[in-house]
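Listing of final-v9.cif; format and content: mmCIF, C-alpha atoms.
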data_my_file
#
loop_
_atom_site.label_atom_id
_atom_site.label_comp_id
_atom_site.auth_asym_id
_atom_site.auth_seq_id
_atom_site.Cartn_x
_atom_site.Cartn_y
_atom_site.Cartn_z
CA MET A 294 0.00 0.00 0.00
CA ALA A 295 1.36 3.42 -1.00
CA ARG A 296 2.18 5.85 1.77
CA PRO A 297 0.03 8.98 1.84
CA LYS A 298 1.78 12.16 0.81
CA ALA A 299 3.00 14.22 3.74
CA PHE A 300 2.44 17.53 1.95
CA ASN A 301 -0.36 19.50 0.37
CA GLU A 302 0.02 19.39 -3.43
CA ALA A 303 -2.02 22.53 -4.07
CA ARG A 304 -0.03 24.53 -1.52
CA THR A 305 3.25 23.16 -2.89
CA LEU A 306 2.25 24.14 -6.43
CA GLU A 307 1.31 27.61 -5.21
CA LYS A 308 4.74 28.05 -3.61
CA ALA A 309 6.46 26.84 -6.78
CA MET A 310 4.31 29.18 -8.86
CA THR A 311 5.33 32.16 -6.73
CA LEU A 312 9.00 31.23 -7.01
CA PHE A 313 8.85 30.91 -10.80
CA TRP A 314 6.88 34.16 -10.91
CA GLU A 315 9.57 35.93 -8.88
CA ASN A 316 12.64 34.50 -10.60
CA GLY A 317 11.60 33.08 -13.95
CA TYR A 318 12.29 29.59 -15.25
CA GLU A 319 16.04 29.73 -15.91
CA ALA A 320 16.96 31.44 -12.63
CA THR A 321 14.99 28.93 -10.53
CA SER A 322 16.86 25.76 -9.65
CA VAL A 323 15.45 22.49 -8.33
CA ARG A 324 17.29 23.27 -5.10
CA ASP A 325 15.43 26.60 -4.93
CA LEU A 326 12.15 24.76 -5.46
CA THR A 327 12.76 22.19 -2.75
CA ALA A 328 13.86 24.93 -0.34
CA ARG A 329 10.75 27.03 -1.04
CA THR A 330 8.26 24.16 -1.02
CA GLY A 331 9.83 22.23 1.84
CA ILE A 332 9.65 18.86 0.07
CA SER A 333 12.41 16.58 -1.17
CA THR A 334 13.60 16.37 -4.75
CA SER A 335 12.24 12.83 -5.06
CA SER A 336 8.80 13.93 -3.83
CA LEU A 337 8.85 16.89 -6.19
CA TYR A 338 9.67 14.70 -9.18
CA ALA A 339 7.24 11.94 -8.17
CA THR A 340 4.37 14.40 -7.85
CA PHE A 341 4.99 17.02 -10.52
CA GLY A 342 7.63 15.60 -12.85
CA ASP A 343 10.77 17.53 -13.68
CA LYS A 344 11.35 21.26 -13.32
CA TYR A 345 9.89 21.97 -16.76
CA GLU A 346 6.69 20.06 -16.03
CA LEU A 347 6.38 21.83 -12.69
CA TYR A 348 6.82 25.18 -14.46
CA GLY A 349 4.03 24.26 -16.87
CA ALA A 350 1.74 23.26 -13.98
CA ALA A 351 2.56 26.50 -12.16
CA LEU A 352 1.84 28.52 -15.29
CA ASP A 353 -1.47 26.71 -15.76
CA GLN A 354 -2.38 27.48 -12.15
CA TYR A 355 -1.65 31.17 -12.69
CA ARG A 356 -3.60 31.16 -15.96
CA ALA A 357 -6.64 29.80 -14.12
CA ILE A 358 -6.34 32.49 -11.45
CA GLU A 359 -5.91 35.27 -14.02
CA ARG A 360 -8.84 33.95 -16.06
CA GLU A 361 -11.09 33.89 -12.98
CA GLN A 362 -10.08 37.47 -12.18
CA PHE A 363 -10.93 38.63 -15.70
CA ALA A 364 -14.23 36.74 -15.66
CA ALA A 365 -15.22 38.23 -12.30
CA PHE A 366 -14.27 41.70 -13.45
CA LEU A 367 -16.15 41.40 -16.73
CA SER A 368 -19.26 40.12 -14.94
CA VAL A 369 -19.74 43.51 -13.25
CA GLU A 370 -22.86 45.17 -14.67
CA GLN A 371 -21.52 48.55 -15.66
CA PRO A 372 -20.99 50.22 -19.05
CA ILE A 373 -17.81 48.83 -20.57
CA ARG A 374 -15.92 52.12 -21.04
CA PRO A 375 -15.93 53.17 -17.35
CA LEU A 376 -15.47 49.54 -16.32
CA LEU A 377 -12.29 49.25 -18.40
CA ALA A 378 -11.09 52.65 -17.19
CA PHE A 379 -11.47 51.37 -13.64
CA MET A 380 -9.66 48.13 -14.56
CA PHE A 381 -6.71 50.08 -15.97
CA ALA A 382 -6.60 52.32 -12.88
CA GLU A 383 -6.58 49.26 -10.61
CA LEU A 384 -3.93 47.61 -12.78
CA ILE A 385 -1.68 50.67 -12.60
CA GLY A 386 -2.12 50.90 -8.82
CA GLY A 387 -1.13 47.25 -8.51
CA LEU A 388 1.83 47.60 -10.85
CA LEU A 389 3.21 50.46 -8.78
CA ALA A 390 2.86 48.60 -5.48
CA ALA A 391 6.17 47.80 -3.81
CA ASP A 392 5.51 44.05 -3.69
CA ASN A 393 4.26 43.74 -7.27
CA LEU A 394 5.67 40.88 -9.34
CA GLY A 395 3.96 41.89 -12.57
CA SER A 396 2.13 39.24 -14.56
CA PHE A 397 3.43 35.67 -14.57
CA THR A 398 1.91 35.15 -18.03
CA LEU A 399 3.73 38.24 -19.34
CA ASN A 400 6.97 37.15 -17.67
CA ALA A 401 6.59 33.69 -19.23
CA ALA A 402 5.89 35.20 -22.65
CA VAL A 403 9.04 37.35 -22.46
CA GLU A 404 11.30 34.58 -21.13
CA MET A 405 9.93 31.45 -22.79
CA GLY A 406 7.33 32.36 -25.42
CA GLY A 407 9.73 32.90 -28.28
CA ARG A 408 11.80 29.75 -27.73
CA ASP A 409 9.44 27.12 -26.37
CA ALA A 410 6.54 26.03 -28.56
CA THR A 411 4.66 24.29 -25.75
CA ILE A 412 4.75 27.31 -23.44
CA ALA A 413 3.91 29.61 -26.36
CA ARG A 414 0.86 27.46 -27.17
CA ARG A 415 -0.31 27.56 -23.53
CA LEU A 416 0.05 31.34 -23.49
CA GLN A 417 -1.73 31.73 -26.81
CA GLU A 418 -4.64 29.64 -25.51
CA HIS A 419 -4.77 31.84 -22.42
CA PHE A 420 -4.72 35.12 -24.32
CA ASP A 421 -7.31 33.84 -26.81
CA ASP A 422 -9.56 32.75 -23.96
CA VAL A 423 -9.36 36.12 -22.19
CA CYS A 424 -9.85 37.94 -25.50
CA ALA A 425 -12.99 35.90 -26.19
CA MET A 426 -14.45 36.86 -22.80
CA LEU A 427 -13.66 40.52 -23.38
CA ALA A 428 -14.98 40.40 -26.97
CA GLU A 429 -18.31 39.11 -25.71
CA ARG A 430 -18.70 42.15 -23.44
CA LEU A 431 -17.55 44.47 -26.20
CA ALA A 432 -20.09 42.99 -28.63
CA GLY A 433 -22.84 43.80 -26.14
CA ALA A 434 -21.53 47.35 -25.77
CA GLN A 435 -21.52 47.76 -29.55
CA ALA A 436 -25.09 46.48 -29.77
CA ASP A 437 -26.09 49.04 -27.14
CA GLY A 438 -24.34 51.83 -29.06
CA ASP A 439 -21.89 52.51 -26.22
CA ILE A 440 -18.67 52.07 -28.23
CA THR A 441 -17.49 52.25 -31.81
CA THR A 442 -18.48 49.61 -34.32
CA ALA A 443 -15.58 50.53 -36.60
CA ARG A 444 -13.65 47.50 -35.36
CA THR A 445 -14.87 44.01 -34.58
CA PRO A 446 -15.23 43.00 -30.93
CA ALA A 447 -12.35 40.54 -31.40
CA GLU A 448 -10.07 43.26 -32.81
CA LEU A 449 -10.93 45.61 -29.95
CA ALA A 450 -10.43 42.88 -27.35
CA ARG A 451 -7.00 41.93 -28.67
CA TYR A 452 -5.90 45.57 -28.79
CA LEU A 453 -7.10 46.22 -25.24
CA LEU A 454 -5.50 43.07 -23.90
CA PHE A 455 -2.21 43.96 -25.56
CA GLY A 456 -2.62 47.34 -23.86
CA VAL A 457 -2.95 45.65 -20.47
CA TYR A 458 0.26 43.71 -20.96
CA THR A 459 2.05 46.71 -22.45
CA LEU A 460 1.28 48.69 -19.29
CA ALA A 461 2.60 45.83 -17.17
CA LEU A 462 5.83 45.87 -19.16
CA MET A 463 6.12 49.68 -19.16
CA ALA A 464 5.70 49.84 -15.39
CA LYS A 465 8.95 47.88 -14.99
CA PHE A 466 10.89 50.68 -16.69
CA TYR A 467 8.69 53.74 -16.24
CA PRO A 468 7.04 53.44 -12.82
CA ASP A 469 5.35 56.83 -13.21
CA ARG A 470 1.62 56.90 -12.46
CA GLU A 471 0.88 59.95 -14.60
CA GLN A 472 2.62 58.50 -17.61
CA LEU A 473 0.91 55.11 -17.19
CA ASN A 474 -2.48 56.78 -16.73
CA GLY A 475 -1.93 58.75 -19.94
CA THR A 476 -1.02 55.59 -21.84
CA ALA A 477 -4.09 53.81 -20.48
CA GLU A 478 -6.32 56.66 -21.61
CA MET A 479 -4.81 56.52 -25.09
CA ILE A 480 -5.39 52.76 -25.23
CA LEU A 481 -9.04 53.25 -24.30
CA THR A 482 -9.62 55.75 -27.10
CA ILE A 483 -9.82 52.77 -29.46
CA LEU A 484 -13.36 52.33 -28.13
CA ASP A 485 -14.27 55.75 -29.52
CA ALA A 486 -12.15 55.81 -32.69
CA GLU A 487 -13.43 55.45 -36.20
CA ALA A 488 -11.63 53.05 -38.52
CA VAL A 489 -8.86 54.64 -40.56
#

As structure tokens, the full file:
Amino acid sequence: MARPKAFNEARTLEKAMTLFWENGYEATSVRDLTARTGISTSSLYATFGDKYELYGAALDQYRAIEREQFAAFLSVEQPIRPLLAFMFAELIGGLLAADNLGSFTLNAAVEMGGRDATIARRLQEHFDDVCAMLAERLAGAQADGDITTARTPAELARYLLFGVYTLALMAKFYPDREQLNGTAEMILTILDAEAV
């Protein structure tokens, strides 16, 4: 009879996710992972596979969290333009917080997306999923006459999502609230713009 595991898998995965989020894939060693999670190398491998498989599981966990956050946000019954303005303001506030780690999905895209097809596919699925949720809200706003119909909901959603991740990247180099707010406002003007 197999011995029961002496650790909580979900909590261990959460600790590994945070470590990868903080340091990235390359800068995180198996020794770092065992030190952070408090489990042995053999237990880590037996439960999650190698470091790469654990990274993938951690990324999937973060994707699920980020997706739930987007879904909860988009479920708020408010006109889309002020809702997105509020989302950008909250995002900027979070990005400027002292303990902010940025976005794990963005970090993964920068570090791994261009050189690892499996990670790139996972990220593409994630971005497509979030874009589809946002596009659904945007389609309703177009039907209500609240935003431009010059672009399709899918085009608008992709542009806005790229804007979210662009702000997250900018904040690493230009942690200036006024500048980030100005960029966010420019991004949101796509909802008012006519097609060129």

- Message: Using only C-alpha atoms, which protein or nucleic acid residues come within 12 Å of Phe313 (chain A)? Drop anything in the same chain fewer than 4 positions from it, and give the result as an MDAnalysis selection string.
- Response: chainID A and resid 306:309 317:323 325:326 329:330 344:345 347:352 354:355 394 396:398 400:401 404

Selected residues, C-alpha atoms, written as a CSV table (one decimal), in the coordinates of the input, please.
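Saved as part-v6.csv:
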chain,number,residue,atom,x,y,z
A,306,LEU,CA,2.2,24.1,-6.4
A,307,GLU,CA,1.3,27.6,-5.2
A,308,LYS,CA,4.7,28.0,-3.6
A,309,ALA,CA,6.5,26.8,-6.8
A,317,GLY,CA,11.6,33.1,-14.0
A,318,TYR,CA,12.3,29.6,-15.2
A,319,GLU,CA,16.0,29.7,-15.9
A,320,ALA,CA,17.0,31.4,-12.6
A,321,THR,CA,15.0,28.9,-10.5
A,322,SER,CA,16.9,25.8,-9.6
A,323,VAL,CA,15.4,22.5,-8.3
A,325,ASP,CA,15.4,26.6,-4.9
A,326,LEU,CA,12.2,24.8,-5.5
A,329,ARG,CA,10.8,27.0,-1.0
A,330,THR,CA,8.3,24.2,-1.0
A,344,LYS,CA,11.4,21.3,-13.3
A,345,TYR,CA,9.9,22.0,-16.8
A,347,LEU,CA,6.4,21.8,-12.7
A,348,TYR,CA,6.8,25.2,-14.5
A,349,GLY,CA,4.0,24.3,-16.9
A,350,ALA,CA,1.7,23.3,-14.0
A,351,ALA,CA,2.6,26.5,-12.2
A,352,LEU,CA,1.8,28.5,-15.3
A,354,GLN,CA,-2.4,27.5,-12.2
A,355,TYR,CA,-1.6,31.2,-12.7
A,394,LEU,CA,5.7,40.9,-9.3
A,396,SER,CA,2.1,39.2,-14.6
A,397,PHE,CA,3.4,35.7,-14.6
A,398,THR,CA,1.9,35.2,-18.0
A,400,ASN,CA,7.0,37.2,-17.7
A,401,ALA,CA,6.6,33.7,-19.2
A,404,GLU,CA,11.3,34.6,-21.1

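Computed from the coordinates, the CA of Leu389 (chain A) to CA of Pro468 (chain A) distance equals 6.3 Å.
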
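Distance-wise, CA of Ala425 (chain A) and CA of Pro446 (chain A) end up 8.8 Å apart.
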
- Task: Would you list the residues near (-14.5, 56.0, -28.2) (no more than 10 Å away, in the coordinates of the file, using all atoms listed in the file) as number ranges by chain?
- Result: A: 374, 439-442, 481-487

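What separates CA of Phe455 (chain A) from CA of Leu427 (chain A) is a distance of 12.2 Å.
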